[in-house]
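As stored in work34.cif (mmCIF, C-alpha atoms and all ligand atoms):
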data_query
#
loop_
_atom_site.label_atom_id
_atom_site.label_comp_id
_atom_site.auth_asym_id
_atom_site.auth_seq_id
_atom_site.Cartn_x
_atom_site.Cartn_y
_atom_site.Cartn_z
CA MET I 953 97.58 122.46 78.62
CA ILE I 954 98.43 118.86 77.82
CA ASP I 955 96.94 115.37 78.21
CA LEU I 956 99.30 112.50 79.05
CA HIS I 957 96.82 109.60 78.91
CA THR I 958 94.78 108.88 75.76
CA HIS I 959 93.57 105.88 73.75
CA THR I 960 92.92 105.33 70.05
CA THR I 961 91.43 102.60 67.86
CA ALA I 962 94.80 100.82 68.17
CA SER I 963 93.40 99.63 71.53
CA ASP I 964 89.91 100.44 72.80
CA GLY I 965 89.41 104.10 71.88
CA THR I 966 87.00 105.25 69.18
CA LEU I 967 89.16 107.86 67.39
CA SER I 968 91.92 106.81 65.02
CA PRO I 969 95.39 108.07 66.01
CA ARG I 970 95.11 110.79 63.34
CA GLN I 971 91.65 111.86 64.53
CA LEU I 972 92.86 111.94 68.13
CA VAL I 973 95.70 114.34 67.31
CA GLN I 974 93.32 116.51 65.30
CA ALA I 975 90.88 116.53 68.22
CA ALA I 976 93.71 117.63 70.53
CA ALA I 977 94.49 120.51 68.16
CA ALA I 978 90.81 121.45 68.03
CA VAL I 979 90.58 121.82 71.82
CA GLY I 980 93.86 123.75 71.95
CA LEU I 981 96.14 121.24 73.66
CA SER I 982 99.85 121.81 73.08
CA ALA I 983 100.81 118.14 73.60
CA ILE I 984 99.28 114.72 74.08
CA ALA I 985 100.75 111.34 74.92
CA VAL I 986 99.24 108.45 72.98
CA THR I 987 99.06 105.56 75.45
CA ASP I 988 97.12 102.63 74.03
CA HIS I 989 96.80 99.43 76.06
CA ASP I 990 99.78 97.12 75.51
CA THR I 991 100.41 98.22 71.94
CA THR I 992 102.42 100.86 70.12
CA ALA I 993 100.61 100.20 66.83
CA GLY I 994 98.98 103.65 66.73
CA LEU I 995 102.11 105.70 67.34
CA GLU I 996 103.41 106.02 63.81
CA GLU I 997 100.15 107.47 62.51
CA ALA I 998 99.82 109.81 65.51
CA LEU I 999 103.39 111.09 65.09
CA ASP I 1000 102.75 111.59 61.39
CA GLU I 1001 99.83 113.91 62.23
CA ALA I 1002 101.82 115.82 64.86
CA GLY I 1003 103.55 118.10 62.34
CA PRO I 1004 100.47 119.22 60.39
CA SER I 1005 98.36 119.67 63.54
CA GLY I 1006 100.94 121.61 65.56
CA VAL I 1007 100.33 119.31 68.53
CA ARG I 1008 103.34 117.65 70.11
CA VAL I 1009 102.80 113.88 70.26
CA VAL I 1010 104.63 111.89 72.93
CA PRO I 1011 104.92 108.24 71.89
CA GLY I 1012 103.71 106.15 74.80
CA VAL I 1013 101.93 103.03 75.93
CA GLU I 1014 99.86 101.83 78.90
CA ILE I 1015 101.13 98.47 80.11
CA SER I 1016 98.92 95.97 81.97
CA ILE I 1017 101.12 94.69 84.79
CA GLU I 1018 100.83 91.39 86.64
CA PHE I 1019 99.33 92.41 89.98
CA ARG I 1020 97.29 90.90 92.77
CA GLY I 1021 95.65 93.57 94.89
CA PRO I 1022 92.54 94.02 96.98
CA ARG I 1023 89.22 94.43 95.15
CA VAL I 1024 88.35 97.89 93.85
CA GLY I 1025 84.72 98.65 92.98
CA GLY I 1026 83.84 94.96 92.71
CA ARG I 1027 86.80 93.82 90.65
CA PRO I 1028 90.34 92.82 91.59
CA GLY I 1029 92.68 95.81 91.85
CA TRP I 1030 94.67 96.49 88.70
CA LEU I 1031 98.06 98.03 87.96
CA HIS I 1032 98.73 99.99 84.79
CA LEU I 1033 102.08 101.54 84.00
CA LEU I 1034 102.42 104.38 81.50
CA ALA I 1035 105.64 104.68 79.52
CA TYR I 1036 106.61 107.84 77.61
CA PHE I 1037 109.20 108.80 74.99
CA LEU I 1038 109.35 105.31 73.50
CA PRO I 1039 111.94 104.89 70.75
CA ALA I 1040 110.68 103.35 67.49
CA GLY I 1041 111.51 99.66 67.43
CA GLY I 1042 112.52 99.68 71.09
CA LEU I 1043 112.76 96.73 73.47
CA LEU I 1044 109.48 97.42 75.22
CA ALA I 1045 107.59 97.74 71.91
CA GLY I 1046 109.07 94.43 70.76
CA LYS I 1047 108.17 92.67 74.00
CA LEU I 1048 104.61 94.01 73.89
CA GLU I 1049 104.26 92.84 70.30
CA ARG I 1050 105.28 89.32 71.30
CA LEU I 1051 102.77 89.40 74.16
CA GLN I 1052 100.07 90.58 71.71
CA ARG I 1053 100.84 87.63 69.51
CA TRP I 1054 100.46 85.37 72.52
CA ARG I 1055 97.12 87.03 73.34
CA ARG I 1056 95.83 86.22 69.86
CA GLU I 1057 97.01 82.62 70.24
CA ARG I 1058 95.42 82.57 73.66
CA ASN I 1059 92.06 83.46 72.14
CA GLY I 1060 92.35 80.47 69.82
CA LEU I 1061 93.23 78.22 72.76
CA MET I 1062 90.21 79.47 74.70
CA VAL I 1063 87.95 78.72 71.73
CA GLU I 1064 89.40 75.20 71.59
CA LYS I 1065 88.73 74.66 75.28
CA LEU I 1066 85.14 75.86 74.93
CA ARG I 1067 84.57 73.60 71.92
CA ARG I 1068 85.96 70.64 73.85
CA LEU I 1069 83.42 71.47 76.55
CA GLY I 1070 80.74 71.06 73.89
CA MET I 1071 80.08 74.69 73.01
CA ASP I 1072 79.79 75.61 69.37
CA ILE I 1073 81.78 78.87 69.42
CA THR I 1074 84.18 80.12 66.74
CA LEU I 1075 86.94 82.70 66.94
CA GLU I 1076 85.28 84.62 64.08
CA GLN I 1077 82.10 84.91 66.15
CA VAL I 1078 84.02 86.23 69.15
CA ALA I 1079 86.15 88.60 67.07
CA ALA I 1080 83.04 90.05 65.40
CA LEU I 1081 81.87 91.19 68.84
CA SER I 1082 85.04 93.24 69.40
CA GLY I 1083 84.33 95.68 66.58
CA GLY I 1084 87.78 95.15 65.12
CA GLY I 1085 89.67 96.03 68.32
CA GLN I 1086 91.57 93.76 70.70
CA VAL I 1087 89.65 90.57 71.39
CA GLY I 1088 89.36 89.58 75.02
CA ARG I 1089 87.29 87.71 77.56
CA PRO I 1090 84.40 90.23 77.61
CA HIS I 1091 83.80 89.30 73.96
CA PHE I 1092 83.92 85.59 74.80
CA ALA I 1093 81.35 86.22 77.53
CA ARG I 1094 79.06 88.02 75.08
CA ALA I 1095 79.43 85.20 72.53
CA LEU I 1096 78.51 82.61 75.16
CA LEU I 1097 75.52 84.67 76.24
CA GLU I 1098 74.30 85.21 72.69
CA ALA I 1099 74.63 81.49 71.95
CA GLY I 1100 72.53 80.73 75.02
CA TYR I 1101 75.22 78.76 76.90
CA VAL I 1102 74.97 81.05 79.94
CA ASP I 1103 72.21 83.19 81.47
CA ASN I 1104 74.37 86.28 81.96
CA LEU I 1105 77.89 87.64 81.54
CA GLN I 1106 78.87 87.00 85.15
CA GLN I 1107 77.96 83.33 84.74
CA ALA I 1108 80.17 83.14 81.65
CA PHE I 1109 83.12 84.40 83.71
CA ASP I 1110 82.38 82.27 86.77
CA ARG I 1111 81.94 79.01 84.87
CA TYR I 1112 84.37 79.33 82.00
CA LEU I 1113 86.42 82.51 81.74
CA LYS I 1114 87.74 83.66 85.10
CA LYS I 1115 91.23 82.72 86.24
CA GLY I 1116 91.24 78.99 86.99
CA ALA I 1117 87.87 78.32 85.28
CA ALA I 1118 87.32 75.60 82.64
CA ALA I 1119 88.23 77.59 79.52
CA TYR I 1120 90.74 80.02 81.05
CA VAL I 1121 94.17 80.36 79.48
CA ASP I 1122 96.86 82.32 81.31
CA LYS I 1123 97.50 85.91 80.23
CA GLN I 1124 101.25 86.29 80.54
CA ARG I 1125 101.73 89.83 81.69
CA LEU I 1126 104.91 91.71 82.45
CA THR I 1127 105.84 92.11 86.09
CA ILE I 1128 106.53 95.66 87.18
CA ASP I 1129 110.23 94.81 87.57
CA GLN I 1130 110.40 93.58 83.97
CA ALA I 1131 108.47 96.58 82.64
CA LEU I 1132 110.57 99.13 84.53
CA GLN I 1133 113.74 97.45 83.30
CA LEU I 1134 112.59 97.60 79.66
CA VAL I 1135 111.64 101.26 80.11
CA ARG I 1136 115.09 102.00 81.52
CA GLU I 1137 116.85 100.15 78.71
CA ASP I 1138 114.77 102.04 76.13
CA GLY I 1139 115.72 105.39 77.68
CA ALA I 1140 112.00 106.01 78.24
CA VAL I 1141 110.15 107.23 81.34
CA ALA I 1142 107.65 105.27 83.47
CA VAL I 1143 104.66 106.70 85.34
CA LEU I 1144 102.19 104.86 87.56
CA ALA I 1145 98.69 105.22 86.07
CA HIS I 1146 95.56 105.98 88.18
CA PRO I 1147 96.91 104.77 91.58
CA PHE I 1148 93.35 104.37 92.96
CA SER I 1149 93.00 101.17 90.92
CA LEU I 1150 95.62 99.36 93.03
CA GLY I 1151 93.22 99.44 95.96
CA LEU I 1152 96.08 100.03 98.43
CA GLY I 1153 96.07 102.22 101.51
CA ASP I 1154 98.48 105.17 101.63
CA GLU I 1155 101.05 103.31 103.67
CA GLU I 1156 101.13 100.22 101.43
CA LEU I 1157 101.21 102.40 98.35
CA SER I 1158 104.09 104.39 99.80
CA GLU I 1159 106.10 101.22 100.43
CA ARG I 1160 105.61 100.10 96.84
CA LEU I 1161 106.45 103.54 95.48
CA ALA I 1162 109.74 103.53 97.37
CA ARG I 1163 110.69 100.24 95.72
CA TRP I 1164 109.44 101.19 92.24
CA ARG I 1165 111.16 104.57 92.47
CA TRP I 1166 114.39 102.69 93.12
CA LEU I 1167 113.71 100.60 89.98
CA GLY I 1168 113.28 103.76 87.93
CA LEU I 1169 109.67 104.92 88.29
CA ALA I 1170 109.65 108.64 87.42
CA GLY I 1171 106.12 109.78 88.14
CA MET I 1172 102.59 109.06 89.26
CA GLU I 1173 99.21 110.14 87.89
CA VAL I 1174 97.57 112.52 90.33
CA GLU I 1175 95.24 114.53 88.08
CA TYR I 1176 92.84 111.82 86.94
CA PRO I 1177 89.06 112.07 86.43
CA GLU I 1178 88.25 109.35 89.02
CA HIS I 1179 90.48 110.85 91.74
CA ASP I 1180 88.59 113.10 94.16
CA SER I 1181 90.26 116.15 95.72
CA ASP I 1182 91.13 114.32 98.94
CA LEU I 1183 92.91 111.52 97.06
CA ARG I 1184 94.73 114.06 94.88
CA ARG I 1185 95.99 115.82 98.00
CA ARG I 1186 97.30 112.56 99.42
CA LEU I 1187 98.88 111.52 96.13
CA HIS I 1188 100.57 114.92 95.78
CA ARG I 1189 102.11 114.36 99.22
CA LEU I 1190 103.29 110.87 98.30
CA ALA I 1191 104.70 112.10 94.99
CA ALA I 1192 106.66 114.84 96.75
CA HIS I 1193 107.87 112.41 99.42
CA HIS I 1194 109.20 109.95 96.80
CA GLN I 1195 110.42 112.66 94.42
CA LEU I 1196 108.02 111.49 91.71
CA VAL I 1197 106.61 113.84 89.07
CA ALA I 1198 102.90 114.38 89.72
CA THR I 1199 101.37 113.90 86.27
CA GLY I 1200 97.87 113.68 84.86
CA GLY I 1201 95.65 112.70 82.00
CA SER I 1202 92.04 112.16 81.03
CA ASP I 1203 92.23 108.47 79.97
CA PHE I 1204 90.22 109.59 76.94
CA HIS I 1205 88.64 106.69 75.01
CA GLY I 1206 86.35 108.69 72.68
CA THR I 1207 82.74 107.54 73.00
CA ASN I 1208 83.84 104.28 74.66
CA LYS I 1209 84.14 106.14 77.96
CA ASP I 1210 81.22 108.48 78.41
CA GLY I 1211 81.64 111.95 79.86
CA ILE I 1212 85.44 112.12 79.51
CA GLU I 1213 86.77 114.97 77.41
CA LEU I 1214 90.24 115.17 75.96
CA GLY I 1215 92.46 117.35 78.19
CA ARG I 1216 89.57 118.19 80.53
CA GLY I 1217 88.44 114.89 82.02
CA HIS I 1218 84.98 114.83 83.55
CA ASP I 1219 83.43 118.32 83.36
CA GLY I 1220 86.87 119.89 83.39
CA ASN I 1221 88.00 118.16 86.59
CA ILE I 1222 91.58 117.76 85.39
CA SER I 1223 94.09 120.22 84.00
CA VAL I 1224 97.70 119.38 83.31
CA PRO I 1225 100.15 122.21 82.54
CA ASP I 1226 102.95 121.93 79.97
CA GLU I 1227 105.60 122.02 82.72
CA VAL I 1228 104.69 118.45 83.72
CA LEU I 1229 105.95 117.19 80.39
CA ALA I 1230 109.16 119.23 80.69
CA GLU I 1231 109.66 117.74 84.15
CA LEU I 1232 109.22 114.20 82.81
CA GLU I 1233 111.69 114.92 80.04
CA ARG I 1234 114.28 115.90 82.60
CA ARG I 1235 113.90 112.41 84.12
CA ARG I 1236 114.95 110.58 80.97
ZN ZN X 1301 94.44 102.15 82.89
ZN ZN X 1302 94.12 104.23 79.94
#

What would the structure in this file look like if it were written as C-alpha cells?
Ligand SMILES: [Zn+2]
Ligand SMILES: [Zn+2]
Amino acid sequence: MIDLHTHTTASDGTLSPRQLVQAAAAVGLSAIAVTDHDTTAGLEEALDEAGPSGVRVVPGVEISIEFRGPRVGGRPGWLHLLAYFLPAGGLLAGKLERLQRWRRERNGLMVEKLRRLGMDITLEQVAALSGGGQVGRPHFARALLEAGYVDNLQQAFDRYLKKGAAAYVDKQRLTIDQALQLVREDGAVAVLAHPFSLGLGDEELSERLARWRWLGLAGMEVEYPEHDSDLRRRLHRLAAHHQLVATGGSDFHGTNKDGIELGRGHDGNISVPDEVLAELERRR
C-alpha cells in the first residue's frame, strides 16, 4: 500500500520529513508522496531518508490554485493541485519559491497596514503564533484577538483580513493553467486533490476535468478520508470517463489533523494500492 498525499513540518504537518518517512516504514507502506503546501523545502530530507527506510519517496507538492467556487462547509470552495515526480531545481519549485518569498513580504505589508490602522502588532508576534511554520492570516487573527483588538477570530477576518478588508494584501496564486504548464515543462504529473473542496456538481466538475485533462491533468484523488462511498463512486466514473488515474491519499498532517492515519485515513477508510503509482508513472 502507498499514500500519495502527506504533509511535513515544511508546511503544516507535525512530523519532520525524516520522521514522516520513518513513520511510513513503521506502518509498512511501500511508497509515499511528500506533498507539502506550496513548498518543496522538505523533499531533500525526505529523499535522503528513503534509502535507509526502504520506503520509496515521490517528490511532490500541493499547490494552492487561484479559484472562485461555491462555498463548501462554510468557506469558499478551494482548489488544490498535487504534482508528483518533481525534478530538483525544476521550474515549478522555483516559481513556488518566488511565491513563498512574496508571501513573507505580504505578511510584512499586512503588519504595516494594521499598524497604520492604529494597532500595535509586530511580525514577530504573529510569527510566534505559527510555531515556526508558514505564517498566514489565521495567525494574524489570533494576534489581533490576543491583543484585544477584536472580540473573536471571525471579526478579525471580517474587519481586517478577508479579501478586500482594510489590512488585506493580495495572495498571488498560480492559475490552474499556469500550474499545469509548469508541471508539463518539468516532466512531472498533476493530480486534482480532494475534488469535494471545489464545491461543484458532477456536471460542472466534468466540464472542468475535460479542459484540465486537455491541459495535462493526469489524475484525480478519489480515495480521500472526507469522500463518502457515494462520492467515490461518482468520482471513479468521472475519472474513467476522462481517462484520469483515480488516485488517493490520507492528507496526513501528524497531530495537526486529528484522526487521520498515514496510509489508512480515518479508521482505515482509504487504501491505495501500489499500481496507482505505476499508473501515474506511465503518464509522465
Ligand atoms: Zn488540500
Ligand atoms: Zn494536503

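The residue set within 8 Å of segment 1073-1075 of chain I, counting all atoms listed in the file and dropping same-chain residues fewer than 6 places from it, reads Asn1059, Gly1060, Val1063, Leu1066, Arg1067, Ala1095 and Leu1096 of chain I.
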
| To one decimal place, how far is atom CA of Ala1145 of chain I from atom CA of Asp955 of chain I in Å? |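 Separating atom CA of Ala1145 of chain I from atom CA of Asp955 of chain I is a distance of 13.0 Å.
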
| Who sits within 9 Å of Ile1128 of chain I, all atoms listed in the file, same chain under 6 positions skipped, as a VMD selection string | chain I and resid 1017 to 1019 1031 1033 1164

| message | Which residues are near ligand ZN 1302 (chain X) - at most 10 Å, using only C-alpha atoms and all ligand atoms? Format: as a PyMOL selection string. | response | chain I and resi 956-959+963-965+986-989+1013-1016+1032-1034+1145-1146+1201-1205

Please return the centre and edge lengths, in Å to one decimal, of a box with edges along x, y and z that contains all listed atoms of segment 1023-1041 of chain I, widened by 8 Å on every side, as AutoDock Vina command-line options.
--center_x 97.9 --center_y 100.8 --center_z 81.3 --size_x 44.1 --size_y 32.0 --size_z 43.7

| request: Please provide as number ranges by chain all residues within 12 Å of Gln1106 of chain I, with the sequence filter that same-chain residues fewer than 2 positions apart are discarded (counting all atoms listed in the file). | output: I: 1027, 1089-1090, 1092-1094, 1096-1097, 1102-1104, 1108-1114

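Among I:Lys1065, I:Lys1123, I:Arg1020, I:Arg1008, the residue with the shortest atom-to-atom distance to Gly1088 of chain I, counting only C-alpha atoms, is I:Lys1123.
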
| said: Nearest residue to Ile1212 of chain I out of I:Val1010, I:Met1071, I:Val1224, I:Tyr1176, using all atoms listed in the file? | reply: I:Tyr1176

| message | I'd like the neighbourhood of Pro1022 of chain I as a VMD selection string, where a residue qualifies if any of its atoms comes within 7 Å (using all atoms listed in the file), though same-chain residues fewer than 6 positions away should be ignored. | response | chain I and resid 1028 to 1029 1151

Save the residues we just selected, C-alpha atoms, as a CSV table (one decimal), in the frame of the given file?
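Written output follows (out.csv):
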chain,number,residue,atom,x,y,z
I,1028,PRO,CA,90.3,92.8,91.6
I,1029,GLY,CA,92.7,95.8,91.8
I,1151,GLY,CA,93.2,99.4,96.0

| query | Out of I:Ala1230, I:Gly1085, I:Ala1170, I:Ile984, which residue has the shortest atom-to-atom distance to Gly1139 of chain I when counting only C-alpha atoms? | reply | I:Ala1170

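Minimum atom-to-atom distance to ligand ZN 1301 (chain X), evaluated using all atoms listed in the file, belongs to I:Glu1173 out of I:Asn1221, I:Tyr1120, I:Ala1191, I:Glu1173.
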
| Neighbour list for Ala998 of chain I as an MDAnalysis selection string, cut-off 7 Å, all atoms listed in the file, skip fewer than 2 positions in-chain | chainID I and resid 969:970 973 994:996 1000:1002 1009

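With only C-alpha atoms and all ligand atoms as the atoms that count, the minimum distance from ligand ZN 1301 (chain X) to the choices I:Leu999, I:Val1143, I:Leu1081, I:Ala962 is reached by I:Val1143.
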
| request: Please measure the separation of atom CA of Leu1196 of chain I and atom CA of Glu1155 of chain I, giving the value in Å to one decimal. | output: 16.1 Å

| query | So which one's closest to Val1141 of chain I, I:Tyr1036, I:Arg1055, I:Arg1125, I:Val1087? Using only C-alpha atoms, please. | reply |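 Distance minimum relative to Val1141 of chain I lands on I:Tyr1036.
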
| remark: A straight line from atom CA of Gln1195 of chain I to atom CA of Pro1011 of chain I spans 23.6 Å
